>>> print(open('run36.txt').read())   # compact mmCIF, C-alpha atoms
# COMPACT_ATOMS: atom_id res chain seq x y z
CA MET Q 1 72.66 112.29 47.84
CA THR Q 2 69.89 114.61 49.05
CA ILE Q 3 67.47 113.80 51.86
CA ARG Q 4 64.87 116.36 52.92
CA GLN Q 5 61.68 116.32 54.93
CA ALA Q 6 58.73 117.13 52.70
CA SER Q 7 54.98 116.83 52.62
CA ILE Q 8 55.18 115.65 49.02
CA LEU Q 9 57.39 112.62 48.87
CA THR Q 10 59.65 111.71 46.01
CA LEU Q 11 62.35 109.19 45.48
CA THR Q 12 64.68 109.25 42.48
CA LEU Q 13 67.70 107.17 41.58
CA GLU Q 14 69.60 107.78 38.38
CA ASN Q 15 72.20 105.37 37.11
CA VAL Q 16 73.41 104.43 40.56
CA ALA Q 17 76.10 101.87 41.16
CA VAL Q 18 77.01 100.17 44.43
CA TYR Q 19 80.10 98.07 45.11
CA ARG Q 20 80.48 95.61 47.96
CA GLY Q 21 84.18 94.93 48.13
CA ASN Q 22 85.30 94.35 44.56
CA ARG Q 23 81.89 93.16 43.44
CA VAL Q 24 79.45 95.42 41.66
CA VAL Q 25 76.08 94.73 43.30
CA LEU Q 26 74.01 97.45 41.63
CA ARG Q 27 74.88 99.00 38.30
CA ASP Q 28 73.27 101.64 36.17
CA LEU Q 29 70.04 101.40 38.11
CA SER Q 30 67.37 104.07 37.83
CA LEU Q 31 63.95 104.35 39.41
CA SER Q 32 61.58 106.98 40.65
CA ALA Q 33 58.52 106.92 42.86
CA ALA Q 34 56.19 109.61 44.10
CA SER Q 35 53.52 109.99 46.78
CA GLY Q 36 50.93 107.24 46.75
CA GLU Q 37 52.98 104.77 44.75
CA ILE Q 38 53.78 101.18 45.66
CA LEU Q 39 56.90 99.76 44.02
CA TRP Q 40 57.44 96.01 43.94
CA ILE Q 41 61.11 95.04 43.58
CA ARG Q 42 61.78 91.47 42.61
CA GLY Q 43 64.59 89.33 41.34
CA ALA Q 44 66.63 86.25 42.13
CA ASN Q 45 68.48 85.76 45.42
CA GLY Q 46 71.56 87.94 45.57
CA CYS Q 47 70.52 90.26 42.76
CA GLY Q 48 70.77 93.29 45.05
CA LYS Q 49 67.24 93.93 46.29
CA SER Q 50 68.29 94.37 49.92
CA THR Q 51 71.31 96.41 48.86
CA LEU Q 52 69.00 98.71 46.91
CA LEU Q 53 66.82 99.25 49.97
CA ARG Q 54 69.87 99.89 52.17
CA LEU Q 55 71.13 102.37 49.60
CA ILE Q 56 67.82 104.24 49.58
CA ALA Q 57 67.83 104.16 53.40
CA GLY Q 58 71.19 105.95 53.37
CA LEU Q 59 73.02 103.03 54.97
CA LEU Q 60 75.17 102.63 51.87
CA MET Q 61 76.56 105.28 49.59
CA PRO Q 62 76.43 104.99 45.80
CA GLU Q 63 79.75 104.79 43.99
CA ALA Q 64 78.21 106.43 40.96
CA GLY Q 65 74.94 108.04 39.93
CA GLU Q 66 72.54 110.42 41.62
CA MET Q 67 70.01 109.79 44.35
CA ALA Q 68 67.42 112.19 45.73
CA VAL Q 69 65.02 111.35 48.56
CA GLU Q 70 62.42 113.75 49.89
CA GLY Q 71 60.74 112.44 52.99
CA ARG Q 72 61.51 110.41 56.07
CA ILE Q 73 62.38 106.77 55.57
CA ALA Q 74 61.56 103.71 57.65
CA LEU Q 75 63.07 100.30 57.00
CA ALA Q 76 61.87 96.84 58.03
CA ASP Q 77 64.37 94.19 57.01
CA GLU Q 78 65.48 90.86 58.39
CA ASN Q 79 66.95 92.55 61.47
CA LEU Q 80 64.45 92.93 64.29
CA ALA Q 81 66.21 95.79 66.11
CA LEU Q 82 64.20 95.10 69.26
CA ASP Q 83 65.85 94.31 72.58
CA PRO Q 84 65.19 90.63 73.33
CA ASN Q 85 64.88 91.09 77.10
CA LEU Q 86 62.24 93.80 76.89
CA THR Q 87 58.53 93.28 76.42
CA VAL Q 88 57.12 93.93 72.98
CA ALA Q 89 55.41 97.14 74.10
CA THR Q 90 58.52 98.51 75.86
CA ALA Q 91 60.85 97.63 72.99
CA LEU Q 92 58.54 99.26 70.44
CA ASN Q 93 58.07 102.27 72.71
CA PHE Q 94 61.82 102.95 72.55
CA TRP Q 95 61.62 103.39 68.79
CA ALA Q 96 58.40 105.39 69.07
CA LYS Q 97 60.31 107.81 71.31
CA MET Q 98 63.12 107.95 68.76
CA ASP Q 99 60.56 108.78 66.06
CA ASP Q 100 58.65 111.29 68.18
CA ALA Q 101 55.58 109.16 67.57
CA GLY Q 102 52.79 109.54 70.10
CA PRO Q 103 51.48 106.62 72.16
CA GLU Q 104 48.31 106.49 70.04
CA MET Q 105 50.37 105.87 66.95
CA LEU Q 106 52.18 102.98 68.61
CA GLU Q 107 48.94 101.49 69.91
CA THR Q 108 47.41 101.71 66.43
CA ALA Q 109 50.47 100.04 64.91
CA MET Q 110 50.34 97.24 67.48
CA THR Q 111 46.65 96.74 66.83
CA ASP Q 112 47.23 96.74 63.07
CA MET Q 113 49.80 93.98 63.45
CA ASP Q 114 47.70 92.07 66.01
CA LEU Q 115 50.30 92.48 68.75
CA GLN Q 116 48.08 93.66 71.60
CA SER Q 117 47.86 90.19 73.13
CA LEU Q 118 51.67 89.94 73.01
CA ARG Q 119 52.45 93.38 74.39
CA ASP Q 120 53.77 92.10 77.74
CA MET Q 121 55.69 89.17 76.31
CA PRO Q 122 59.51 89.47 76.17
CA VAL Q 123 60.70 89.80 72.59
CA ARG Q 124 62.96 86.74 72.94
CA TYR Q 125 59.91 84.49 73.30
CA LEU Q 126 58.26 85.63 70.05
CA SER Q 127 57.97 83.23 67.13
CA THR Q 128 59.44 84.09 63.74
CA GLY Q 129 56.16 85.42 62.43
CA GLN Q 130 55.48 87.38 65.60
CA ARG Q 131 58.92 88.94 65.39
CA LYS Q 132 58.22 89.95 61.83
CA ARG Q 133 54.95 91.55 62.90
CA ALA Q 134 56.75 93.45 65.68
CA SER Q 135 59.34 94.66 63.19
CA ILE Q 136 56.60 95.88 60.86
CA ALA Q 137 54.79 97.54 63.79
CA ARG Q 138 57.99 99.51 64.44
CA LEU Q 139 57.84 100.72 60.85
CA LEU Q 140 54.11 101.51 61.03
CA ALA Q 141 54.62 103.63 64.16
CA SER Q 142 57.61 105.44 62.72
CA ASN Q 143 55.73 108.39 61.30
CA ALA Q 144 57.82 108.03 58.13
CA GLY Q 145 56.50 108.78 54.67
CA ILE Q 146 58.65 106.29 52.77
CA TRP Q 147 58.47 102.66 53.78
CA LEU Q 148 61.13 100.18 52.73
CA LEU Q 149 60.05 96.58 53.27
CA ASP Q 150 62.55 93.79 52.69
CA GLU Q 151 60.84 90.41 52.27
CA PRO Q 152 58.01 91.51 54.56
CA TYR Q 153 55.84 88.43 53.91
CA ASN Q 154 58.47 85.88 54.99
CA GLY Q 155 57.24 84.05 58.05
CA LEU Q 156 53.82 85.69 58.09
CA ASP Q 157 50.61 83.68 58.03
CA SER Q 158 47.87 84.61 55.57
CA ALA Q 159 45.98 86.75 58.10
CA SER Q 160 49.12 88.71 58.93
CA CYS Q 161 49.90 89.13 55.20
CA ALA Q 162 46.41 90.57 54.75
CA ARG Q 163 46.95 92.96 57.68
CA LEU Q 164 50.23 94.11 56.17
CA ASP Q 165 48.60 94.61 52.76
CA GLN Q 166 45.88 96.71 54.38
CA ALA Q 167 48.49 98.85 56.13
CA ILE Q 168 50.39 99.30 52.86
CA SER Q 169 47.21 100.28 51.01
CA ARG Q 170 46.26 102.79 53.70
CA HIS Q 171 49.74 104.32 53.68
CA ALA Q 172 49.71 104.64 49.90
CA ALA Q 173 46.23 106.20 50.01
CA SER Q 174 47.49 108.78 52.51
CA GLY Q 175 50.33 109.77 50.18
CA GLY Q 176 53.14 107.52 51.32
CA ILE Q 177 55.67 105.73 49.14
CA ILE Q 178 56.17 102.01 49.69
CA LEU Q 179 58.96 99.88 48.27
CA VAL Q 180 58.47 96.15 48.75
CA ALA Q 181 61.33 93.78 47.93
CA ALA Q 182 59.69 90.38 47.80
CA HIS Q 183 59.61 87.20 45.79
CA GLN Q 184 55.87 86.85 46.04
CA HIS Q 185 53.56 89.34 44.41
CA PRO Q 186 51.80 91.47 47.02
CA SER Q 187 48.07 90.84 46.85
CA ILE Q 188 47.50 94.59 46.55
CA ASN Q 189 47.76 96.60 43.35
CA VAL Q 190 51.32 97.72 42.89
CA THR Q 191 51.89 100.89 40.95
CA LEU Q 192 55.33 100.01 39.65
CA SER Q 193 57.33 96.85 39.31
CA LEU Q 194 61.11 96.65 39.11
CA VAL Q 195 62.68 93.37 38.05
CA MET Q 196 66.39 93.10 38.80
CA ASP Q 197 68.75 90.73 37.04
CA ARG Q 198 71.70 88.95 38.61
CA ALA Q 199 74.05 91.74 37.48
CA GLY Q 200 72.18 94.25 39.66
CA ARG Q 201 70.49 96.03 36.78
CA ALA Q 202 66.85 96.65 36.03
CA ALA Q 203 65.93 93.81 33.68
CA MET R 204 68.09 115.71 73.42
CA ARG R 205 65.07 113.63 74.41
CA SER R 206 66.06 110.83 72.07
CA PHE R 207 69.70 111.03 73.24
CA LEU R 208 68.53 110.53 76.82
CA ALA R 209 66.28 107.69 75.66
CA LEU R 210 69.28 105.96 74.10
CA VAL R 211 71.42 106.53 77.21
CA SER R 212 68.71 105.12 79.44
CA ARG R 213 68.40 102.13 77.10
CA GLU R 214 72.13 101.49 77.51
CA VAL R 215 71.81 101.60 81.30
CA ARG R 216 68.80 99.27 81.19
CA LEU R 217 70.62 96.81 78.93
CA ALA R 218 73.61 96.86 81.27
CA TRP R 219 71.31 96.17 84.19
CA THR R 220 69.51 93.27 82.52
CA GLY R 221 72.50 91.87 80.63
CA GLY R 222 75.03 91.65 83.46
CA GLY R 223 77.08 94.59 82.24
CA LEU R 224 76.53 96.34 85.56
CA TRP R 225 77.01 93.59 88.12
CA LEU R 226 79.72 91.46 86.56
CA PRO R 227 82.45 94.17 86.54
CA VAL R 228 81.54 95.24 90.07
CA ILE R 229 81.61 91.66 91.34
CA PHE R 230 84.96 91.09 89.61
CA TYR R 231 86.33 94.30 91.13
CA LEU R 232 85.23 93.36 94.62
CA ALA R 233 86.43 89.79 94.15
CA VAL R 234 89.95 91.07 93.45
CA ALA R 235 89.78 93.31 96.51
CA THR R 236 88.66 90.32 98.58
CA LEU R 237 91.17 87.81 97.24
CA PHE R 238 94.30 89.96 97.23
CA PRO R 239 94.75 89.96 101.05
CA PHE R 240 94.56 86.16 100.97
CA VAL R 241 97.58 86.12 98.68
CA THR R 242 99.71 88.64 100.55
CA GLY R 243 98.74 87.62 104.06
CA PRO R 244 97.65 89.98 106.86
CA ASP R 245 100.51 92.41 106.38
CA LYS R 246 98.75 95.74 106.90
CA ALA R 247 101.72 97.82 105.82
CA LEU R 248 102.03 95.89 102.56
CA LEU R 249 98.31 96.12 101.88
CA ALA R 250 98.30 99.84 102.60
CA ARG R 251 101.19 100.32 100.19
CA THR R 252 99.94 98.14 97.32
CA GLY R 253 96.15 98.00 97.79
CA GLY R 254 95.44 101.20 95.88
CA GLY R 255 97.41 100.01 92.87
CA ILE R 256 95.63 96.66 92.93
CA LEU R 257 92.26 98.44 92.91
CA TRP R 258 93.42 100.48 89.92
CA ILE R 259 94.40 97.32 88.04
CA ALA R 260 91.08 95.68 88.98
CA ALA R 261 89.15 98.74 87.75
CA LEU R 262 91.05 98.67 84.47
CA LEU R 263 90.50 94.96 83.90
CA SER R 264 86.84 95.05 84.91
CA THR R 265 86.34 97.61 82.12
CA LEU R 266 87.10 94.82 79.65
CA LEU R 267 84.35 92.50 80.87
CA PRO R 268 81.33 94.09 79.13
CA ILE R 269 83.13 94.83 75.84
CA GLU R 270 81.42 92.08 73.84
CA ARG R 271 77.93 93.25 74.72
CA LEU R 272 78.48 96.96 74.04
CA ILE R 273 78.31 97.07 70.23
CA LEU R 274 78.07 93.60 68.69
CA PRO R 275 74.48 92.74 69.75
CA ASP R 276 73.24 96.09 68.44
CA ARG R 277 75.08 95.63 65.16
CA GLN R 278 73.72 92.11 64.69
CA ALA R 279 70.17 93.11 65.62
CA GLY R 280 70.14 96.09 63.25
CA VAL R 281 69.81 98.68 66.03
CA LEU R 282 72.77 100.69 64.72
CA ASP R 283 71.23 100.73 61.23
CA GLN R 284 67.88 101.90 62.59
CA LEU R 285 69.59 104.72 64.49
CA ALA R 286 71.59 105.76 61.42
CA LEU R 287 68.36 105.71 59.41
CA ARG R 288 66.91 108.22 61.86
CA GLY R 289 69.76 110.63 61.25
CA TRP R 290 71.98 109.68 64.17
CA SER R 291 75.64 110.22 63.40
CA ASP R 292 77.93 107.38 64.42
CA GLU R 293 79.67 109.78 66.79
CA SER R 294 76.37 110.57 68.55
CA ILE R 295 75.59 106.88 68.90
CA ALA R 296 79.06 106.34 70.38
CA ALA R 297 78.65 109.30 72.74
CA ALA R 298 75.32 107.93 74.00
CA LYS R 299 76.87 104.51 74.53
CA ILE R 300 79.80 106.04 76.42
CA ALA R 301 77.43 108.08 78.59
CA GLY R 302 75.41 104.94 79.29
CA GLN R 303 78.58 103.04 80.13
CA ILE R 304 79.68 105.77 82.56
CA LEU R 305 76.34 105.55 84.34
CA ALA R 306 76.03 101.77 84.25
CA PHE R 307 79.66 100.87 84.95
CA GLY R 308 81.56 103.92 86.23
CA ILE R 309 79.26 105.06 89.00
CA PRO R 310 78.63 101.56 90.45
CA LEU R 311 82.38 100.95 90.38
CA LEU R 312 83.01 104.20 92.27
CA LEU R 313 80.49 103.12 94.90
CA ALA R 314 82.08 99.67 95.08
CA THR R 315 85.45 101.33 95.66
CA VAL R 316 84.35 102.38 99.14
CA LEU R 317 83.76 98.73 100.02
CA GLY R 318 86.75 97.52 98.02
CA SER R 319 89.17 99.86 99.79
CA ALA R 320 87.94 98.59 103.15
CA LEU R 321 88.35 94.97 102.04
CA ILE R 322 91.88 95.54 100.86
CA GLY R 323 92.88 97.59 103.89
CA LEU R 324 93.55 100.89 102.16
CA PRO R 325 94.23 103.69 104.70
CA GLU R 326 91.19 105.93 105.13
CA ALA R 327 93.16 109.01 104.15
CA LYS R 328 93.83 107.55 100.71
CA LEU R 329 90.20 106.74 99.91
CA PRO R 330 89.23 110.28 98.78
CA VAL R 331 92.30 110.41 96.52
CA LEU R 332 91.45 107.01 95.04
CA LEU R 333 87.83 108.04 94.48
CA LEU R 334 88.84 111.31 92.84
CA GLY R 335 91.34 109.55 90.57
CA LEU R 336 88.80 106.92 89.54
CA ALA R 337 86.17 109.62 88.98
CA PHE R 338 88.54 111.16 86.42
CA ALA R 339 89.56 107.85 84.88
CA LEU R 340 86.24 105.98 84.63
CA PRO R 341 84.75 108.14 81.85
CA ALA R 342 87.98 107.57 79.89
CA LEU R 343 87.88 103.84 80.57
CA SER R 344 84.22 103.81 79.46
CA GLY R 345 85.15 105.66 76.28
CA LEU R 346 87.97 103.24 75.61
CA SER R 347 85.76 100.20 76.17
CA VAL R 348 83.14 101.47 73.70
CA THR R 349 85.86 102.31 71.17
CA ILE R 350 87.50 98.89 71.49
CA ALA R 351 84.07 97.23 71.33
CA ALA R 352 83.31 99.09 68.09
CA LEU R 353 86.70 98.17 66.62
CA THR R 354 86.45 94.48 67.43
CA ALA R 355 82.70 93.85 66.98
CA GLY R 356 82.21 90.79 64.83
CA LEU R 357 85.87 89.78 64.75
CA SER R 358 86.78 86.29 65.87
CA GLY R 359 88.63 86.39 69.18
CA ALA R 360 87.25 89.85 69.86
CA SER R 361 87.72 89.56 73.63
CA ALA R 362 91.40 88.72 73.44
CA LEU R 363 92.01 91.30 70.75
CA GLY R 364 90.09 93.86 72.80
CA GLY R 365 92.35 93.20 75.76
CA LEU R 366 95.47 93.54 73.63
CA LEU R 367 94.28 96.87 72.26
CA PHE R 368 92.89 98.19 75.52
CA VAL R 369 95.71 97.61 77.97
CA PRO R 370 98.46 99.63 76.21
CA ILE R 371 96.16 102.62 75.71
CA ALA R 372 95.00 102.47 79.33
CA ILE R 373 98.53 102.27 80.78
CA PRO R 374 98.94 106.07 81.21
CA LEU R 375 95.73 106.14 83.25
CA LEU R 376 97.03 103.29 85.38
CA VAL R 377 100.44 104.87 85.90
CA PHE R 378 99.12 108.32 86.80
CA GLY R 379 96.23 106.84 88.81
CA ALA R 380 98.50 104.66 90.92
CA GLY R 381 100.89 107.62 91.17
CA THR R 382 98.24 109.69 92.94
CA LEU R 383 98.36 107.20 95.82
CA SER R 384 102.13 107.13 96.20
CA GLU R 385 104.03 108.86 98.99
CA ALA R 386 105.20 111.56 96.59
CA PRO R 387 102.30 112.04 94.16
CA GLY R 388 103.70 115.22 92.59
CA ASN R 389 101.35 116.34 89.86
CA ALA R 390 100.06 112.83 89.12
CA MET R 391 96.44 113.92 89.65
CA GLN R 392 96.74 116.73 87.11
CA LEU R 393 98.35 114.40 84.59
CA LEU R 394 95.67 111.80 85.23
CA ALA R 395 92.91 114.38 84.76
CA ALA R 396 94.47 115.71 81.56
CA THR R 397 94.99 112.24 80.09
CA ALA R 398 91.51 111.09 81.06
CA LEU R 399 89.93 114.23 79.62
CA ALA R 400 91.75 113.81 76.32
CA ILE R 401 90.75 110.14 76.02
CA THR R 402 87.14 110.88 76.99
CA ALA R 403 86.89 113.72 74.49
CA LEU R 404 88.39 111.71 71.63
CA SER R 405 86.54 108.45 72.29
CA PRO R 406 83.21 109.33 70.61
CA PHE R 407 85.05 110.23 67.40
CA ALA R 408 87.23 107.13 67.43
CA ALA R 409 84.31 104.86 68.28
CA GLY R 410 82.12 106.62 65.70
CA ALA R 411 84.72 106.03 62.99
CA ALA R 412 84.92 102.37 64.00
CA LEU R 413 81.13 102.05 63.84
CA ARG R 414 81.11 103.59 60.37
CA ALA R 415 83.90 101.31 59.15
CA GLY R 416 82.03 98.26 60.42
CA ARG R 417 78.77 99.05 58.58
CA THR R 418 78.09 96.62 55.73
>>> encode(input="run36.txt", output="structure tokens")
Amino acid sequence: MTIRQASILTLTLENVAVYRGNRVVLRDLSLSAASGEILWIRGANGCGKSTLLRLIAGLLMPEAGEMAVEGRIALADENLALDPNLTVATALNFWAKMDDAGPEMLETAMTDMDLQSLRDMPVRYLSTGQRKRASIARLLASNAGIWLLDEPYNGLDSASCARLDQAISRHAASGGIILVAAHQHPSINVTLSLVMDRAGRAA
Amino acid sequence: MRSFLALVSREVRLAWTGGGLWLPVIFYLAVATLFPFVTGPDKALLARTGGGILWIAALLSTLLPIERLILPDRQAGVLDQLALRGWSDESIAAAKIAGQILAFGIPLLLATVLGSALIGLPEAKLPVLLLGLAFALPALSGLSVTIAALTAGLSGASALGGLLFVPIAIPLLVFGAGTLSEAPGNAMQLLAATALAITALSPFAAGAALRAGRT
């Protein structure tokens, strides 16, 4: 696997396979995406969408095949990764420091996800949708070129979905790559669509 | 380096807010307070055994925060987010150990001054006890993070952690208590060497455990 920082982003998988225990979760899967592209990954529960995103994020290694990623990756999945006892602003600021993102970037991300009114609230008091927005704000402020979004619309109200779609569109327009694993079709124009079958292949 | 310090300071803050700082210190001082009640006001006995009791209390208090060191971060996805940002598992472990030294080791050293007074340790032995603990606490912190990484997510993790921890920590206890004996010999050198080896190896052992636990 190759991961490099680059101004032009690319993402290529060729015939990758991933095993979890004895089970083959992904098999013979290929995809490629370049700057400005939005890829919608869909398929039934358990078909390997989240595994695919974790593989691209480098959290899993492929058992077979080739993978090349050029650009920094940010992932927003079902795990919040924010300390429950901290306020929203402080918890997000920790990750902004980790990403070398300036305070303006974090403020913009919080505004984009309508979190300014919640900035001083401890994370443990957030509702499901608010937690999701905070998780997405972490991704927005990450300064990463490649966004991996795992079921990003779950728990979001329609206004928040629209905010997320706007952020995705802006990121694509500025040359980013966005992979969205979701059951529902994003209301933005997706460049590519990958349908996965239950065997973990592209259908 | 900036992000390493940010992670260390996060660990200290989490210990402060999550009880990882106060609970071990309170336990440690509670042992120092209760032990004289058991033995009675025999100053000679307390002077002879008090140092060893403080060593045992320090060792056992290391076990208290084990469940909060790795498991919450694994469940919340913090470890994944760090790995995604290029952090090696060994670096994550090293930051957690450094945070544990600051949040647990230093307060325990400070509490030792009070604890030794409560247990009636002779004043002349206090510097030796402090020096021994100063060597041992980084190793105990490294061990606690390693055991926490090994047992995170397992049922009965606390009990298993104790079973794993105590045998590995025995050399520290033996050499540490030996420094306070009437004929310490080279117990301090052996303690320092053992503690240094454990401290140096801990980030690698804990890092391997973190990697093995990633799903």
>>> atom_distance(input="run36.txt", atom1="atom CA of Q:Met105", atom2="atom CA of R:Ala209")
18.2 Å
>>> closest_residue(input="run36.txt", among="Q:Leu92, Q:Met113, Q:Met61, Q:Leu52", to="R:Arg414", atoms="only C-alpha atoms")
Q:Met61
>>> closest_atom_pairs(input="run36.txt", of="stretch 48-101 of chain Q", to="stretch 267-278 of chain R", cutoff="10 Å", atoms="all atoms listed in the file", output="CSV")
residue,atom,partner,partner_atom,distance
Q:Asn79,CA,R:Gln278,CA,7.5
Q:Leu80,CA,R:Gln278,CA,9.3
Q:Ala81,CA,R:Asp276,CA,7.4
Q:Leu82,CA,R:Asp276,CA,9.1
Q:Asp83,CA,R:Asp276,CA,8.7
>>> residues_near_point(input="run36.txt", point="(53.2, 101.7, 63.3)", cutoff="7 Å", atoms="only C-alpha atoms", output="PyMOL selection string")
chain Q and resi 105-106+108-110+137-142
>>> atom_distance(input="run36.txt", atom1="atom CA of Q:Gly102", atom2="atom CA of R:Ala297")
26.0 Å
>>> closest_residue(input="run36.txt", among="R:Ala218, R:Leu226, R:Ala395, R:Leu237", to="chain Q", atoms="only C-alpha atoms")
R:Ala218
>>> residues_near_point(input="run36.txt", point="(48.0, 96.9, 47.3)", cutoff="7 Å", atoms="all atoms listed in the file", output="list in words")
Asp165, Ile168, Ser169, Pro186, Ser187, Ile188, Asn189 and Val190 of chain Q
>>> atom_distance(input="run36.txt", atom1="atom CA of R:Gly381", atom2="atom CA of R:Leu340")
16.1 Å
>>> interface_residues(input="run36.txt", of="chain Q", to="chain R", cutoff="9 Å", atoms="only C-alpha atoms", output="PDB file with C-alpha atoms, in the frame of the given file")
ATOM      1  CA  ARG Q  20      80.480  95.610  47.960  1.00  0.00           C
ATOM      2  CA  ALA Q  57      67.830 104.160  53.400  1.00  0.00           C
ATOM      3  CA  GLY Q  58      71.190 105.950  53.370  1.00  0.00           C
ATOM      4  CA  LEU Q  59      73.020 103.030  54.970  1.00  0.00           C
ATOM      5  CA  LEU Q  60      75.170 102.630  51.870  1.00  0.00           C
ATOM      6  CA  ARG Q  72      61.510 110.410  56.070  1.00  0.00           C
ATOM      7  CA  ILE Q  73      62.380 106.770  55.570  1.00  0.00           C
ATOM      8  CA  ALA Q  74      61.560 103.710  57.650  1.00  0.00           C
ATOM      9  CA  LEU Q  75      63.070 100.300  57.000  1.00  0.00           C
ATOM     10  CA  ASP Q  77      64.370  94.190  57.010  1.00  0.00           C
ATOM     11  CA  GLU Q  78      65.480  90.860  58.390  1.00  0.00           C
ATOM     12  CA  ASN Q  79      66.950  92.550  61.470  1.00  0.00           C
ATOM     13  CA  LEU Q  80      64.450  92.930  64.290  1.00  0.00           C
ATOM     14  CA  ALA Q  81      66.210  95.790  66.110  1.00  0.00           C
ATOM     15  CA  LEU Q  82      64.200  95.100  69.260  1.00  0.00           C
ATOM     16  CA  ASP Q  83      65.850  94.310  72.580  1.00  0.00           C
ATOM     17  CA  ASN Q  85      64.880  91.090  77.100  1.00  0.00           C
ATOM     18  CA  PHE Q  94      61.820 102.950  72.550  1.00  0.00           C
ATOM     19  CA  TRP Q  95      61.620 103.390  68.790  1.00  0.00           C
ATOM     20  CA  LYS Q  97      60.310 107.810  71.310  1.00  0.00           C
ATOM     21  CA  MET Q  98      63.120 107.950  68.760  1.00  0.00           C
ATOM     22  CA  ASP Q  99      60.560 108.780  66.060  1.00  0.00           C
ATOM     23  CA  ASP Q 100      58.650 111.290  68.180  1.00  0.00           C
TER      24      ASP Q 100
END
>>> residues_around(input="run36.txt", residues="stretch 317-334 of chain R", least_positions_apart="4", cutoff="8 Å", atoms="all atoms listed in the file", output="list in words")
Tyr231, Leu232, Ala235, Thr236, Phe238, Pro239, Lys246, Leu249, Ala250, Arg251, Gly253, Gly254, Leu257, Leu312, Leu313, Phe338, Gly379, Thr382 and Leu383 of chain R
>>> axis_aligned_box(input="run36.txt", around="stretch 164-178 of chain Q", padding_each_side="6 Å", output="lines of an AutoDock Vina configuration file")
center_x = 51.0
center_y = 101.9
center_z = 52.7
size_x = 22.3
size_y = 27.7
size_z = 19.0
>>> closest_residue(input="run36.txt", among="Q:Val18, Q:Leu31, Q:Ala172, Q:Val88", to="Q:Val195", atoms="only C-alpha atoms")
Q:Leu31
>>> closest_residue(input="run36.txt", among="R:Leu367, R:Leu311, R:Ala372, R:Ala306", to="R:Leu353", atoms="all atoms listed in the file")
R:Leu367
>>> closest_residue(input="run36.txt", among="Q:Gln130, Q:Gly48, Q:Gly65, Q:Gln116", to="Q:Asn15", atoms="only C-alpha atoms")
Q:Gly65
>>> closest_residue(input="run36.txt", among="Q:Ala68, Q:Leu194, Q:Leu115, Q:Ile41", to="Q:Thr12", atoms="only C-alpha atoms")
Q:Ala68
